[in-house]
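What follows is a short report on a single structure.
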Amino acid sequence: MSIQRTLALIKPDAVKAGHVGAILGAIEKNEFRIVAMKLVHLTKKQAEGFYAVHRGKNFFTPLTDFMSAGPIVAMVLEREEAILKWREVMGATDPAKAAEGSLRRTFGTSIQYNATHGSDAPETAAFETRYFFDELEIC
Ligand code: GDP
């Protein structure tokens, strides 16, 4: 077991629907330490840069339109096995297939509008954390 950091986002659908408080509550209940946090409204270009790995896929344009449509909450979360644990708390990408009680099952409404994001590996966590935060913004 090792202490890790992961990049977590509360996506525009969940911010707009007023689920920020509930999602922050789940983060604290699951013993993550929030080491950085801010509200950001991505431009279309910034959303494309964040999801560059999906460029060329059929959902790239709707996904980046969605992610730049309104403010998001960006956070760096720290705990033991943070990357895997946060993905467990979020649930599967498609809310319909996510475990009962998971954030995506509770707050997501479709495979695209799935409420939250989490890094999927140490390398992506490092890239995604740097995408949103400077070293000085992480406590
Ligand atoms: P994640 O790591 O669980 O977020 O999943 P992916 O990296 O595969 O996809 C990134 C994001 O793209 C997802 O969280 C969804 O918001 C969106 N997405 C993934 N698959 C689809 C799809 O088949 N259709 C649409 N419209 N959006 C998708």
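Residues in the structure tokens are numbered from 1 in each chain, the chains being A, B, ... in the order shown, and ligands are numbered from 1 in the order shown.
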
List every residue of stretch 72-124 of chain A that has an atom at most 9 Å from any atom of stretch 25-43 of chain A, and for each one report the closest atom pair and its distance in Å to one decimal, counting only C-alpha atoms, with rows sorted by chain and then by increasing residue number, as a tab-separated table.
residue	atom	partner	partner_atom	distance
A:Ile72	CA	A:Val40	CA	5.4
A:Val73	CA	A:Leu39	CA	4.6
A:Ala74	CA	A:Lys38	CA	5.4
A:Met75	CA	A:Met37	CA	4.3
A:Val76	CA	A:Ala36	CA	5.0
A:Leu77	CA	A:Ile34	CA	4.8
A:Glu78	CA	A:Arg33	CA	5.0
A:Arg79	CA	A:Phe32	CA	5.2
A:Glu80	CA	A:Phe32	CA	8.4
A:Ala82	CA	A:Phe32	CA	7.5
A:Lys85	CA	A:Asn30	CA	8.6
A:Trp86	CA	A:Ile27	CA	8.3
A:Val89	CA	A:Asn30	CA	8.0
A:Leu103	CA	A:Ala26	CA	8.2

ask   = Residues at most 8 Å from ligand 1, using only C-alpha atoms and all ligand atoms? Could they come as a PyMOL selection string?
value = chain A and resi 51+54+58-60+62-63+87+92-94+110-120

Would you export the selected residues with C-alpha atoms as a PDB file, in the first residue's frame, please?
ATOM      1  CA  TYR A  51      -8.837  14.589 -23.280  1.00  0.00           C
ATOM      2  CA  HIS A  54      -9.513  10.383 -26.927  1.00  0.00           C
ATOM      3  CA  ASN A  58     -16.626   9.329 -32.033  1.00  0.00           C
ATOM      4  CA  PHE A  59     -17.419  10.880 -28.626  1.00  0.00           C
ATOM      5  CA  PHE A  60     -14.476  13.351 -28.618  1.00  0.00           C
ATOM      6  CA  PRO A  62     -19.555  15.888 -27.667  1.00  0.00           C
ATOM      7  CA  LEU A  63     -17.284  15.109 -24.681  1.00  0.00           C
ATOM      8  CA  ARG A  87     -12.193   5.011  -9.338  1.00  0.00           C
ATOM      9  CA  ALA A  92     -17.870   2.392 -13.859  1.00  0.00           C
ATOM     10  CA  THR A  93     -17.815   4.933 -16.719  1.00  0.00           C
ATOM     11  CA  ASP A  94     -21.423   4.127 -17.650  1.00  0.00           C
ATOM     12  CA  SER A 110     -25.551   8.804 -19.152  1.00  0.00           C
ATOM     13  CA  ILE A 111     -22.173   7.410 -20.240  1.00  0.00           C
ATOM     14  CA  GLN A 112     -21.161  10.985 -21.142  1.00  0.00           C
ATOM     15  CA  TYR A 113     -22.855  12.889 -18.323  1.00  0.00           C
ATOM     16  CA  ASN A 114     -21.272  10.778 -15.622  1.00  0.00           C
ATOM     17  CA  ALA A 115     -20.647  13.412 -12.921  1.00  0.00           C
ATOM     18  CA  THR A 116     -17.001  12.751 -12.037  1.00  0.00           C
ATOM     19  CA  HIS A 117     -13.546  12.061 -13.444  1.00  0.00           C
ATOM     20  CA  GLY A 118     -10.557  10.264 -11.960  1.00  0.00           C
ATOM     21  CA  SER A 119      -7.095   9.495 -13.282  1.00  0.00           C
ATOM     22  CA  ASP A 120      -6.607   5.864 -14.292  1.00  0.00           C
TER      23      ASP A 120
END

message = Can you pull out the residues contacting A:Arg130? Cut-off 12 Å, using only C-alpha atoms, and skip same-chain residues under 5 positions away; I want them as number ranges by chain.
response = A: 5-7, 36, 50, 74-76, 123-125, 135-138

request  = Would you list, as a PyMOL selection string, the residues of stretch 32-133 of chain A that end up in helix (DSSP H, G or I) under DSSP run on this structure's backbone?
outcome  = chain A and resi 44-50+52-54+60-67+82-90+95-97+103-107+122-132

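Between atom CA of A:Phe107 and atom CA of A:Met90 the interatomic distance comes to 9.7 Å.
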
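Here the question is which of A:Ile83, A:Pro71, A:Lys57, A:Gln4 gets nearest to A:Gly18 using only C-alpha atoms, and that residue is A:Pro71.
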
request  = Please give the complete set of residues from chain A that DSSP, run on the backbone, assigns to strand (DSSP E or B), formatted as a PyMOL selection string.
outcome  = chain A and resi 3-10+33-40+72-80+116-118

request  = Give me the residues within 6 Å of A:Thr64 as a VMD selection string, counting only C-alpha atoms and dropping any in the same chain fewer than 3 places off.
outcome  = chain A and resid 47 to 48 61 67

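In this comparison, which uses only C-alpha atoms, the residue of A:His19, A:Ser68, A:Ala8, A:Glu88 approaching A:Gly49 most closely is A:Ser68.
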
message = One decimal, in Å: what's the spacing between atom CA of A:Pro122 and atom CA of A:Val20?
response = 25.3 Å

ask   = Near A:Gly101, counting only C-alpha atoms, which residues have an atom at most 9 Å away, once you skip same-chain residues fewer than 4 positions from it, shown as an NGL selection string?
value = :A and (89 or 91 or 105-106)

Selected residues written out with N, CA and C atoms, as a short mmCIF file (atom, residue, chain, number, x, y, z; two decimals), in the first residue's frame:
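Output saved as part39.cif:
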data_model
loop_
_atom_site.label_atom_id
_atom_site.label_comp_id
_atom_site.auth_asym_id
_atom_site.auth_seq_id
_atom_site.Cartn_x
_atom_site.Cartn_y
_atom_site.Cartn_z
N VAL A 89 -14.85 4.53 -5.85
CA VAL A 89 -15.89 5.41 -5.30
C VAL A 89 -16.74 5.99 -6.44
N GLY A 91 -17.23 4.57 -9.50
CA GLY A 91 -17.95 3.52 -10.23
C GLY A 91 -17.60 3.53 -11.70
N ARG A 105 -23.27 6.11 -10.38
CA ARG A 105 -24.61 5.51 -10.33
C ARG A 105 -25.59 6.51 -9.71
N THR A 106 -25.14 7.22 -8.67
CA THR A 106 -26.03 8.12 -7.94
C THR A 106 -26.27 9.43 -8.70
#

inquiry  = Using Å and a single decimal, report how far atom CA of A:Ala126 sits from atom CA of A:Glu81.
reply    =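 Result for atom CA of A:Glu81 versus atom CA of A:Ala126: 14.4 Å, one decimal.
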